[in-house]
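S.K.: The following file, data-v8.json, comprises JSON, C-alpha atoms and all ligand atoms:
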```json
[["chain", "number", "residue", "atom", "x", "y", "z"],
["A", 1, "MET", "CA", -8.56, 31.99, -20.48],
["A", 2, "SER", "CA", -6.44, 32.47, -17.35],
["A", 3, "CYS", "CA", -7.77, 31.79, -13.86],
["A", 4, "THR", "CA", -6.53, 32.00, -10.27],
["A", 5, "VAL", "CA", -5.93, 29.56, -7.41],
["A", 6, "ARG", "CA", -8.89, 31.09, -5.58],
["A", 7, "GLU", "CA", -11.23, 30.53, -8.55],
["A", 8, "LEU", "CA", -10.19, 26.90, -9.05],
["A", 9, "GLN", "CA", -10.50, 26.14, -5.32],
["A", 10, "GLN", "CA", -13.94, 27.74, -5.31],
["A", 11, "ARG", "CA", -15.01, 25.61, -8.28],
["A", 12, "ALA", "CA", -13.86, 22.43, -6.52],
["A", 13, "LEU", "CA", -15.60, 23.33, -3.25],
["A", 14, "GLN", "CA", -18.85, 24.06, -5.09],
["A", 15, "ALA", "CA", -18.58, 20.67, -6.83],
["A", 16, "GLY", "CA", -18.29, 19.00, -3.40],
["A", 17, "LEU", "CA", -14.54, 18.37, -3.07],
["A", 18, "PRO", "CA", -13.04, 19.04, 0.42],
["A", 19, "ARG", "CA", -10.72, 22.08, 0.53],
["A", 20, "LEU", "CA", -7.66, 20.01, 1.46],
["A", 21, "GLU", "CA", -8.11, 17.73, -1.55],
["A", 22, "ALA", "CA", -8.59, 20.70, -3.86],
["A", 23, "GLN", "CA", -5.35, 22.16, -2.53],
["A", 24, "LEU", "CA", -3.46, 18.87, -2.92],
["A", 25, "LEU", "CA", -4.63, 18.57, -6.53],
["A", 26, "LEU", "CA", -3.55, 22.14, -7.24],
["A", 27, "CYS", "CA", -0.18, 21.58, -5.56],
["A", 28, "ALA", "CA", 0.45, 18.52, -7.76],
["A", 29, "LEU", "CA", -0.81, 20.26, -10.90],
["A", 30, "LEU", "CA", 1.34, 23.35, -10.36],
["A", 31, "ASP", "CA", 4.27, 21.53, -8.68],
["A", 32, "ARG", "CA", 4.00, 23.93, -5.71],
["A", 33, "ASP", "CA", 3.41, 23.53, -1.97],
["A", 34, "ARG", "CA", 0.38, 24.70, 0.03],
["A", 35, "SER", "CA", 2.06, 27.83, 1.36],
["A", 36, "TRP", "CA", 2.70, 28.93, -2.25],
["A", 37, "LEU", "CA", -1.01, 28.46, -3.02],
["A", 38, "ILE", "CA", -1.98, 30.68, -0.09],
["A", 39, "SER", "CA", 0.47, 33.46, -0.96],
["A", 40, "HIS", "CA", -0.40, 33.39, -4.69],
["A", 41, "ASP", "CA", -4.18, 33.16, -4.31],
["A", 42, "GLU", "CA", -4.91, 35.83, -6.92],
["A", 43, "ASP", "CA", -2.04, 35.25, -9.40],
["A", 44, "PRO", "CA", -3.07, 34.34, -12.97],
["A", 45, "LEU", "CA", -2.16, 30.68, -13.58],
["A", 46, "PRO", "CA", -0.51, 29.31, -16.74],
["A", 47, "ALA", "CA", -2.75, 28.62, -19.75],
["A", 48, "GLY", "CA", -4.30, 25.13, -19.68],
["A", 49, "THR", "CA", -4.30, 24.87, -15.87],
["A", 50, "SER", "CA", -8.05, 25.30, -15.66],
["A", 51, "ASP", "CA", -8.79, 22.50, -18.18],
["A", 52, "ARG", "CA", -6.37, 20.11, -16.52],
["A", 53, "PHE", "CA", -7.82, 20.91, -13.10],
["A", 54, "GLU", "CA", -11.38, 20.32, -14.37],
["A", 55, "ASN", "CA", -10.29, 16.95, -15.75],
["A", 56, "TRP", "CA", -8.77, 15.89, -12.40],
["A", 57, "LEU", "CA", -11.76, 17.26, -10.49],
["A", 58, "ARG", "CA", -14.15, 15.16, -12.59],
["A", 59, "GLN", "CA", -12.08, 12.04, -11.96],
["A", 60, "ARG", "CA", -11.75, 12.70, -8.24],
["A", 61, "LEU", "CA", -15.52, 13.19, -7.92],
["A", 62, "ASP", "CA", -15.82, 9.76, -9.61],
["A", 63, "GLU", "CA", -13.74, 8.36, -6.69],
["A", 64, "VAL", "CA", -10.46, 7.94, -8.60],
["A", 65, "PRO", "CA", -7.90, 7.85, -5.75],
["A", 66, "LEU", "CA", -6.11, 11.14, -5.22],
["A", 67, "ALA", "CA", -2.80, 9.25, -5.42],
["A", 68, "TYR", "CA", -3.53, 8.07, -8.98],
["A", 69, "LEU", "CA", -4.02, 11.70, -10.05],
["A", 70, "THR", "CA", -0.98, 13.10, -8.26],
["A", 71, "GLY", "CA", 1.02, 9.93, -9.06],
["A", 72, "HIS", "CA", 2.41, 9.39, -5.59],
["A", 73, "LYS", "CA", 1.58, 8.45, -2.00],
["A", 74, "GLU", "CA", 3.46, 8.83, 1.30],
["A", 75, "PHE", "CA", 4.02, 5.52, 3.08],
["A", 76, "HIS", "CA", 6.04, 5.08, 6.28],
["A", 77, "GLY", "CA", 7.97, 8.26, 5.47],
["A", 78, "LEU", "CA", 8.71, 7.24, 1.86],
["A", 79, "ARG", "CA", 7.31, 9.00, -1.18],
["A", 80, "LEU", "CA", 6.18, 6.18, -3.46],
["A", 81, "GLN", "CA", 5.08, 6.43, -7.04],
["A", 82, "VAL", "CA", 1.82, 4.58, -7.69],
["A", 83, "SER", "CA", -0.17, 3.75, -10.82],
["A", 84, "PRO", "CA", -3.54, 2.14, -11.52],
["A", 85, "ALA", "CA", -1.59, -1.18, -11.68],
["A", 86, "THR", "CA", -0.81, -0.92, -7.97],
["A", 87, "LEU", "CA", -2.90, -0.68, -4.85],
["A", 88, "VAL", "CA", -2.55, 2.72, -3.17],
["A", 89, "PRO", "CA", -0.61, 1.86, 0.03],
["A", 90, "ARG", "CA", -2.78, 2.36, 3.15],
["A", 91, "PRO", "CA", -1.75, 3.85, 6.51],
["A", 92, "ASP", "CA", -3.09, 0.67, 8.21],
["A", 93, "THR", "CA", -0.33, -1.32, 6.48],
["A", 94, "GLU", "CA", 2.23, 0.74, 8.41],
["A", 95, "VAL", "CA", 1.16, -1.34, 11.44],
["A", 96, "LEU", "CA", 2.59, -4.44, 9.70],
["A", 97, "VAL", "CA", 5.81, -2.58, 8.84],
["A", 98, "ASP", "CA", 6.20, -1.45, 12.47],
["A", 99, "ALA", "CA", 5.68, -5.02, 13.72],
["A", 100, "ALA", "CA", 8.26, -6.28, 11.20],
["A", 101, "LEU", "CA", 10.82, -3.67, 12.29],
["A", 102, "ARG", "CA", 10.30, -4.47, 15.99],
["A", 103, "TRP", "CA", 10.88, -8.17, 15.28],
["A", 104, "LEU", "CA", 13.95, -7.49, 13.14],
["A", 105, "THR", "CA", 15.44, -5.42, 15.96],
["A", 106, "SER", "CA", 14.70, -8.04, 18.61],
["A", 107, "CYS", "CA", 15.72, -11.17, 16.64],
["A", 108, "GLY", "CA", 19.37, -10.12, 16.64],
["A", 109, "LEU", "CA", 20.13, -11.52, 13.17],
["A", 110, "ALA", "CA", 23.00, -9.68, 11.45],
["A", 111, "ALA", "CA", 21.61, -9.99, 7.90],
["A", 112, "PRO", "CA", 18.05, -11.35, 8.06],
["A", 113, "ARG", "CA", 16.44, -12.75, 4.92],
["A", 114, "VAL", "CA", 13.15, -10.93, 4.39],
["A", 115, "LEU", "CA", 10.32, -11.54, 1.89],
["A", 116, "ASP", "CA", 7.33, -9.37, 0.89],
["A", 117, "LEU", "CA", 4.70, -11.37, -1.03],
["A", 118, "GLY", "CA", 2.44, -9.25, -3.30],
["A", 119, "THR", "CA", 4.54, -6.11, -3.09],
["A", 120, "GLY", "CA", 2.42, -3.79, -5.31],
["A", 121, "SER", "CA", 4.20, -0.43, -5.32],
["A", 122, "GLY", "CA", 6.93, -1.98, -3.13],
["A", 123, "ALA", "CA", 5.57, -0.24, -0.03],
["A", 124, "ILE", "CA", 6.29, -2.88, 2.64],
["A", 125, "ALA", "CA", 9.57, -4.16, 1.20],
["A", 126, "LEU", "CA", 10.99, -0.67, 0.67],
["A", 127, "ALA", "CA", 9.92, 0.65, 4.08],
["A", 128, "VAL", "CA", 11.58, -2.33, 5.80],
["A", 129, "LYS", "CA", 14.76, -2.05, 3.69],
["A", 130, "LYS", "CA", 14.97, 1.69, 4.41],
["A", 131, "ARG", "CA", 14.80, 1.22, 8.20],
["A", 132, "HIS", "CA", 16.73, -2.06, 8.37],
["A", 133, "PRO", "CA", 19.39, -1.72, 5.65],
["A", 134, "ARG", "CA", 21.26, -4.91, 6.62],
["A", 135, "ALA", "CA", 18.23, -7.06, 5.73],
["A", 136, "SER", "CA", 18.39, -8.82, 2.38],
["A", 137, "VAL", "CA", 14.92, -8.12, 0.99],
["A", 138, "THR", "CA", 13.04, -9.97, -1.76],
["A", 139, "ALA", "CA", 9.67, -8.79, -3.08],
["A", 140, "THR", "CA", 7.28, -10.62, -5.41],
["A", 141, "ASP", "CA", 4.09, -9.92, -7.32],
["A", 142, "PHE", "CA", 2.26, -11.70, -10.11],
["A", 143, "SER", "CA", 1.65, -8.36, -11.85],
["A", 144, "ALA", "CA", 4.54, -7.35, -14.13],
["A", 145, "GLU", "CA", 3.18, -3.81, -14.24],
["A", 146, "ALA", "CA", 3.12, -3.50, -10.45],
["A", 147, "LEU", "CA", 6.68, -4.87, -10.26],
["A", 148, "GLY", "CA", 7.76, -2.22, -12.77],
["A", 149, "VAL", "CA", 6.41, 0.49, -10.45],
["A", 150, "ALA", "CA", 8.04, -1.14, -7.39],
["A", 151, "GLU", "CA", 11.42, -1.43, -9.14],
["A", 152, "ALA", "CA", 11.26, 2.21, -10.20],
["A", 153, "ASN", "CA", 10.49, 3.20, -6.60],
["A", 154, "ALA", "CA", 13.45, 1.16, -5.34],
["A", 155, "GLY", "CA", 15.73, 2.82, -7.91],
["A", 156, "ARG", "CA", 14.54, 6.32, -7.07],
["A", 157, "LEU", "CA", 14.96, 5.71, -3.33],
["A", 158, "GLY", "CA", 18.34, 3.99, -3.76],
["A", 159, "LEU", "CA", 17.14, 0.85, -1.95],
["A", 160, "GLU", "CA", 18.42, -2.57, -2.99],
["A", 161, "VAL", "CA", 15.59, -5.09, -3.19],
["A", 162, "ARG", "CA", 15.37, -8.24, -5.34],
["A", 163, "PHE", "CA", 12.11, -8.37, -7.34],
["A", 164, "LEU", "CA", 10.61, -11.62, -8.67],
["A", 165, "GLN", "CA", 7.46, -12.18, -10.71],
["A", 166, "GLY", "CA", 5.05, -15.04, -10.02],
["A", 167, "ALA", "CA", 2.16, -16.35, -7.97],
["A", 168, "TRP", "CA", 2.77, -16.41, -4.20],
["A", 169, "TRP", "CA", 5.50, -19.01, -3.42],
["A", 170, "GLN", "CA", 6.05, -20.16, -7.01],
["A", 171, "PRO", "CA", 8.99, -17.84, -7.97],
["A", 172, "LEU", "CA", 10.91, -18.74, -4.79],
["A", 173, "GLY", "CA", 11.68, -22.41, -5.38],
["A", 174, "ALA", "CA", 12.95, -23.92, -2.13],
["A", 175, "GLU", "CA", 14.26, -20.62, -0.69],
["A", 176, "ARG", "CA", 13.69, -19.96, 3.03],
["A", 177, "PHE", "CA", 13.39, -16.68, 4.93],
["A", 178, "ASP", "CA", 13.67, -15.34, 8.46],
["A", 179, "LEU", "CA", 10.70, -13.00, 7.98],
["A", 180, "VAL", "CA", 7.82, -13.26, 5.52],
["A", 181, "MET", "CA", 5.36, -10.38, 5.24],
["A", 182, "SER", "CA", 2.28, -10.03, 3.08],
["A", 183, "ASN", "CA", -0.71, -7.79, 2.58],
["A", 184, "PRO", "CA", -2.61, -10.05, 0.16],
["A", 185, "PRO", "CA", -6.05, -9.47, -1.37],
["A", 186, "TYR", "CA", -8.52, -10.24, 1.44],
["A", 187, "ILE", "CA", -11.85, -8.57, 0.65],
["A", 188, "ALA", "CA", -14.78, -10.90, -0.03],
["A", 189, "PRO", "CA", -16.00, -10.55, -3.65],
["A", 190, "GLN", "CA", -19.49, -9.56, -2.49],
["A", 191, "ASP", "CA", -18.26, -6.97, 0.06],
["A", 192, "GLU", "CA", -20.28, -3.75, -0.07],
["A", 193, "HIS", "CA", -17.11, -1.60, 0.05],
["A", 194, "LEU", "CA", -15.63, -2.98, -3.20],
["A", 195, "PRO", "CA", -17.56, -0.71, -5.63],
["A", 196, "ALA", "CA", -15.99, 2.40, -4.04],
["A", 197, "LEU", "CA", -12.55, 0.86, -4.73],
["A", 198, "ARG", "CA", -13.32, 0.15, -8.40],
["A", 199, "HIS", "CA", -10.40, 2.20, -9.77],
["A", 200, "GLU", "CA", -7.84, 0.02, -7.97],
["A", 201, "PRO", "CA", -6.98, -3.44, -9.42],
["A", 202, "LEU", "CA", -9.60, -5.97, -8.30],
["A", 203, "SER", "CA", -6.86, -8.63, -8.29],
["A", 204, "ALA", "CA", -5.09, -6.65, -5.54],
["A", 205, "LEU", "CA", -8.20, -6.39, -3.39],
["A", 206, "ALA", "CA", -10.59, -9.31, -3.60],
["A", 207, "ALA", "CA", -10.19, -13.04, -3.01],
["A", 208, "PRO", "CA", -12.62, -15.98, -3.09],
["A", 209, "GLU", "CA", -13.63, -17.95, 0.03],
["A", 210, "GLN", "CA", -14.91, -14.84, 1.86],
["A", 211, "GLY", "CA", -11.58, -13.16, 1.14],
["A", 212, "LEU", "CA", -9.50, -15.98, 2.66],
["A", 213, "ALA", "CA", -8.25, -17.86, -0.44],
["A", 214, "ASP", "CA", -4.93, -16.00, -0.84],
["A", 215, "LEU", "CA", -4.28, -15.83, 2.91],
["A", 216, "ARG", "CA", -4.82, -19.62, 3.02],
["A", 217, "GLN", "CA", -2.37, -20.25, 0.13],
["A", 218, "ILE", "CA", 0.28, -18.10, 1.75],
["A", 219, "ILE", "CA", -0.17, -19.73, 5.18],
["A", 220, "GLU", "CA", -0.13, -23.26, 3.76],
["A", 221, "GLY", "CA", 3.17, -22.59, 1.95],
["A", 222, "ALA", "CA", 4.80, -20.73, 4.84],
["A", 223, "PRO", "CA", 6.24, -23.68, 6.84],
["A", 224, "ALA", "CA", 8.32, -24.77, 3.81],
["A", 225, "HIS", "CA", 9.67, -21.25, 3.27],
["A", 226, "LEU", "CA", 10.36, -20.08, 6.83],
["A", 227, "LEU", "CA", 13.63, -20.81, 8.59],
["A", 228, "PRO", "CA", 13.30, -22.29, 12.12],
["A", 229, "GLY", "CA", 12.29, -19.44, 14.47],
["A", 230, "GLY", "CA", 11.18, -17.37, 11.46],
["A", 231, "LEU", "CA", 8.14, -15.09, 11.56],
["A", 232, "LEU", "CA", 5.12, -14.79, 9.25],
["A", 233, "LEU", "CA", 3.28, -11.45, 9.39],
["A", 234, "LEU", "CA", -0.03, -11.08, 7.54],
["A", 235, "GLU", "CA", -2.41, -8.20, 7.05],
["A", 236, "HIS", "CA", -6.07, -9.28, 6.89],
["A", 237, "GLY", "CA", -9.63, -8.03, 7.24],
["A", 238, "TYR", "CA", -10.96, -6.75, 10.58],
["A", 239, "ASP", "CA", -13.32, -9.75, 10.75],
["A", 240, "GLN", "CA", -10.76, -12.41, 9.73],
["A", 241, "GLU", "CA", -8.71, -12.54, 12.97],
["A", 242, "GLN", "CA", -10.12, -15.89, 14.12],
["A", 243, "ALA", "CA", -10.07, -17.54, 10.67],
["A", 244, "VAL", "CA", -6.43, -16.48, 10.14],
["A", 245, "ALA", "CA", -5.44, -17.69, 13.63],
["A", 246, "ASP", "CA", -7.06, -21.09, 12.87],
["A", 247, "LEU", "CA", -5.23, -21.32, 9.52],
["A", 248, "LEU", "CA", -1.89, -20.41, 11.14],
["A", 249, "ARG", "CA", -2.30, -23.03, 13.88],
["A", 250, "GLY", "CA", -3.55, -25.57, 11.33],
["A", 251, "ALA", "CA", -0.30, -25.09, 9.36],
["A", 252, "GLY", "CA", 1.69, -26.00, 12.48],
["A", 253, "LEU", "CA", 2.87, -22.44, 13.17],
["A", 254, "HIS", "CA", 2.94, -20.89, 16.68],
["A", 255, "TYR", "CA", 0.31, -18.15, 16.68],
["A", 256, "GLN", "CA", 1.65, -14.95, 18.30],
["A", 257, "GLY", "CA", -1.42, -12.69, 18.27],
["A", 258, "CYS", "CA", -3.04, -9.93, 16.24],
["A", 259, "GLU", "CA", -2.21, -6.21, 16.10],
["A", 260, "ARG", "CA", -4.87, -3.54, 15.73],
["A", 261, "ASP", "CA", -4.87, -0.88, 13.03],
["A", 262, "LEU", "CA", -5.11, 2.90, 13.45],
["A", 263, "GLY", "CA", -8.89, 2.58, 13.77],
["A", 264, "GLY", "CA", -8.58, -0.03, 16.55],
["A", 265, "GLN", "CA", -9.59, -2.99, 14.34],
["A", 266, "PRO", "CA", -7.75, -6.35, 14.26],
["A", 267, "ARG", "CA", -5.47, -6.09, 11.20],
["A", 268, "CYS", "CA", -2.11, -7.91, 11.36],
["A", 269, "SER", "CA", -1.48, -11.42, 12.68],
["A", 270, "ALA", "CA", 1.84, -13.07, 13.43],
["A", 271, "ALA", "CA", 3.02, -16.66, 13.77],
["A", 272, "LEU", "CA", 6.43, -18.28, 14.34],
["A", 273, "LYS", "CA", 7.84, -21.37, 12.74],
["A", 274, "PRO", "CA", 8.92, -23.67, 15.62],
["B", 1, "LIG", "C1", -3.50, -5.71, -1.22],
["B", 1, "LIG", "S1", -2.31, -5.52, -2.51],
["B", 1, "LIG", "C2", -0.90, -5.09, -1.51],
["B", 1, "LIG", "C3", 0.13, -4.26, -2.21],
["B", 1, "LIG", "C4", 1.25, -3.76, -1.29],
["B", 1, "LIG", "N1", 1.91, -4.85, -0.63],
["B", 1, "LIG", "C5", 0.68, -2.81, -0.26],
["B", 1, "LIG", "O1", 0.56, -3.19, 0.92],
["B", 1, "LIG", "O2", 0.35, -1.66, -0.62],
["B", 1, "LIG", "C6", -2.02, -7.20, -2.96],
["B", 1, "LIG", "C7", -0.91, -7.42, -4.00],
["B", 1, "LIG", "O3", -0.83, -8.83, -4.24],
["B", 1, "LIG", "C8", -0.67, -9.07, -5.62],
["B", 1, "LIG", "N2", -1.23, -10.41, -5.89],
["B", 1, "LIG", "C9", -2.52, -10.77, -6.00],
["B", 1, "LIG", "N3", -2.63, -12.09, -6.23],
["B", 1, "LIG", "C10", -1.35, -12.57, -6.28],
["B", 1, "LIG", "C11", -0.79, -13.87, -6.46],
["B", 1, "LIG", "N4", -1.55, -14.95, -6.66],
["B", 1, "LIG", "N5", 0.55, -14.00, -6.44],
["B", 1, "LIG", "C12", 1.35, -12.92, -6.23],
["B", 1, "LIG", "N6", 0.89, -11.66, -6.03],
["B", 1, "LIG", "C13", -0.45, -11.50, -6.06],
["B", 1, "LIG", "C14", -1.43, -7.95, -6.30],
["B", 1, "LIG", "O4", -0.95, -7.74, -7.61],
["B", 1, "LIG", "C15", -1.17, -6.79, -5.35],
["B", 1, "LIG", "O5", -0.03, -6.06, -5.75]]
```
Mind converting the file's structure to structure tokens?
Ligand SMILES: C[S@@+](CC[C@H](N)C(=O)[O-])C[C@H]1O[C@@H](n2cnc3c(N)ncnc32)[C@H](O)[C@@H]1O

M.R.:
Amino acid sequence: MSCTVRELQQRALQAGLPRLEAQLLLCALLDRDRSWLISHDEDPLPAGTSDRFENWLRQRLDEVPLAYLTGHKEFHGLRLQVSPATLVPRPDTEVLVDAALRWLTSCGLAAPRVLDLGTGSGAIALAVKKRHPRASVTATDFSAEALGVAEANAGRLGLEVRFLQGAWWQPLGAERFDLVMSNPPYIAPQDEHLPALRHEPLSALAAPEQGLADLRQIIEGAPAHLLPGGLLLLEHGYDQEQAVADLLRGAGLHYQGCERDLGGQPRCSAALKP
């Protein structure tokens, strides 16, 4: 049976989905933009649209991320494909990318060597490569599936990034970098927010030791993999600023401070290798 945009939107609103989300789902389903939806409110839609919309609506009401249904997410001006193997890139992570780009501009290096540890969909590595094309960018992840998504994003965007699979520093041997960036898993396993994130890979989100285990491993390995004067930039939890600063100083790095995210919370700390 055919239906219209208006009817499907109405169904979603009655089920409790915000209007904007209903529209974004319809746009993705019909491969149209929002102005088309408005001007074709009463047009009969192709057969099968209603069933597919109901299926997506059910999943969205079960907190499946919108980006997993539409298959993509905007990050730092890039349209990235995502899958349930990758974290959905967050706007807060753009704070880390901005800090990286400021440092790359100010350091004056002609062809800086840049590393993104735990790249997921490739968000950080690709955003930095896009804005700083002369950087030679390497990105790692221990998930082969995530790396497949990241590589496909790089190919689609025409950005040259080297991808390596393995746990944190392991795939890099003795290589050293001017800039190392990472948004590792940092949520404590017992955190009350984790259940709402259950559709994203737990291995991308949670870490033992109150969320600090992966941050600690990365910080401990950083001095051996940073060139003199090189910078380490880490995203972390809003309540981990002090613990991360202690770990950075404990590793012999020069702590530079912590940037706040879009909500005003401490989110991204930096340290220099002397
Ligand atoms: C919080 S997600 C960040 C993804 C992406 N960088 C972003 O900001 O959207 C953490 C990423 O680290 C990867 N990861 C988790 N443990 C790892 C490990 N031991 N070694 C390498 N990568 C790991 C996960 O697969 C995931 O892609």

S.K.: Within 8 Å of ligand LIG 1 (chain B) (counting all atoms listed in the file), which residues show up? I'd like them as a ChimeraX atom specification.

M.R.: /A:85-90,93,116-125,140-143,146,165-169,182-186,201,203-205,214

S.K.: With distances taken over only C-alpha atoms, which of A:Glu145, A:Asp178, A:Asp92, A:Glu54 is nearest to A:Pro228?

M.R.: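 Checking each of A:Glu145, A:Asp178, A:Asp92, A:Glu54 against A:Pro228, counting only C-alpha atoms, the winner is A:Asp178.
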
S.K.: Skipping near chain neighbours, those fewer than 4 positions away, what residues fall within 10 Å of stretch 97-111 of chain A using all atoms listed in the file, listed as a ChimeraX atom specification?

M.R.: /A:76,92-93,123-129,131-137,178-181,229-233,259,268-270

S.K.: Restricting the calculation to all atoms listed in the file, which member of A:Ala152, A:Leu212, A:Leu157, A:Ala15 is positioned closest to A:Gln59?

M.R.: A:Ala15

S.K.: What does the distance between atom CA of A:Glu235 and atom CA of A:Ala154 come to in Å, to one decimal place?

M.R.: 22.2 Å

S.K.: With all atoms listed in the file as the basis for distance, which of A:Leu262, A:Leu78, A:Thr4, A:Arg113 is at the shortest distance from A:Ser39?

M.R.: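 Comparing A:Leu262, A:Leu78, A:Thr4, A:Arg113 against A:Ser39, the winner is A:Thr4.
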
S.K.: Between atom CA of A:Phe53 and atom CA of A:Ala12, what distance in Å does the model show, to one decimal?

M.R.: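 Taking atom CA of A:Phe53 as the start and atom CA of A:Ala12 as the end point, the length is 9.1 Å.
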
S.K.: Please measure the separation of atom CA of A:Ala243 and atom CA of A:Ala271, giving the value in Å to one decimal.

M.R.: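 Computing the Euclidean distance for atom CA of A:Ala243 and atom CA of A:Ala271 yields 13.5 Å.
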
S.K.: Which is closest to A:Gln23 among A:Gln240, A:Ser83, A:Ser50, A:Ser35, if we use all atoms listed in the file?

M.R.: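 Going through A:Gln240, A:Ser83, A:Ser50, A:Ser35 one by one, the smallest distance to A:Gln23 is for A:Ser35.
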
S.K.: From the list A:Val149, A:Leu30, A:Leu17, A:Leu96, which residue is nearest A:Val5 when using only C-alpha atoms?

M.R.: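 Distance minimum relative to A:Val5 lands on A:Leu30.
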
S.K.: Could you check the closest approach to A:Leu215 for each of A:Leu8, A:Leu247, A:Leu202, A:Leu37 and tell me which residue wins, using all atoms listed in the file?

M.R.: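 Among the listed residues, the smallest separation from A:Leu215 belongs to A:Leu247.
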
S.K.: If we count only C-alpha atoms, what is near A:Val64 at a cut-off of 10 Å, once residues fewer than 2 positions away on the same chain are taken out, given as a PDB file with C-alpha atoms, keeping the file's coordinate frame?

M.R.:
```pdb
ATOM      1  CA  TRP A  56      -8.770  15.890 -12.400  1.00  0.00           C
ATOM      2  CA  LEU A  57     -11.760  17.260 -10.490  1.00  0.00           C
ATOM      3  CA  ARG A  58     -14.150  15.160 -12.590  1.00  0.00           C
ATOM      4  CA  GLN A  59     -12.080  12.040 -11.960  1.00  0.00           C
ATOM      5  CA  ARG A  60     -11.750  12.700  -8.240  1.00  0.00           C
ATOM      6  CA  LEU A  61     -15.520  13.190  -7.920  1.00  0.00           C
ATOM      7  CA  ASP A  62     -15.820   9.760  -9.610  1.00  0.00           C
ATOM      8  CA  LEU A  66      -6.110  11.140  -5.220  1.00  0.00           C
ATOM      9  CA  ALA A  67      -2.800   9.250  -5.420  1.00  0.00           C
ATOM     10  CA  TYR A  68      -3.530   8.070  -8.980  1.00  0.00           C
ATOM     11  CA  LEU A  69      -4.020  11.700 -10.050  1.00  0.00           C
ATOM     12  CA  PRO A  84      -3.540   2.140 -11.520  1.00  0.00           C
ATOM     13  CA  ALA A 196     -15.990   2.400  -4.040  1.00  0.00           C
ATOM     14  CA  LEU A 197     -12.550   0.860  -4.730  1.00  0.00           C
ATOM     15  CA  ARG A 198     -13.320   0.150  -8.400  1.00  0.00           C
ATOM     16  CA  HIS A 199     -10.400   2.200  -9.770  1.00  0.00           C
ATOM     17  CA  GLU A 200      -7.840   0.020  -7.970  1.00  0.00           C
TER      18      GLU A 200
END
```

S.K.: The residues within 7 Å of (-12.8, 27.0, 0.9), using only C-alpha atoms and the coordinates of the file, should be reported as number ranges by chain; which are they?

M.R.: A: 9-10, 13, 19

S.K.: Got a sec to check which residues sit within 9 Å of (16.5, -17.8, 1.2), counting all atoms listed in the file, and write them as a list in words?

M.R.: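 Here is the list of nearby residues: Arg113, Val114, Leu115, Leu172, Ala174, Glu175, Arg176, Phe177, Asp178, His225, Leu226 and Leu227 of chain A.
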
S.K.: What are the centre and the three edge lengths of an axis-aligned box that wraps all atoms of stretch 235-243 of chain A in the file, given that 5 Å is added to every side, written as JSON and rounded to one decimal in Å?

M.R.:
```
{"center_x": -7.9, "center_y": -12.1, "center_z": 10.5, "size_x": 20.9, "size_y": 20.8, "size_z": 17.2}
```

S.K.: Skip A:Pro46 itself and residues of its chain fewer than 2 positions away, then list as a list in words all residues within 10 Å of it, counting all atoms listed in the file.

M.R.: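 These residues fall inside the cut-off: Met1, Ser2, Cys3, Thr4, Leu30, Asp43, Pro44, Gly48, Thr49 and Ser50 of chain A.
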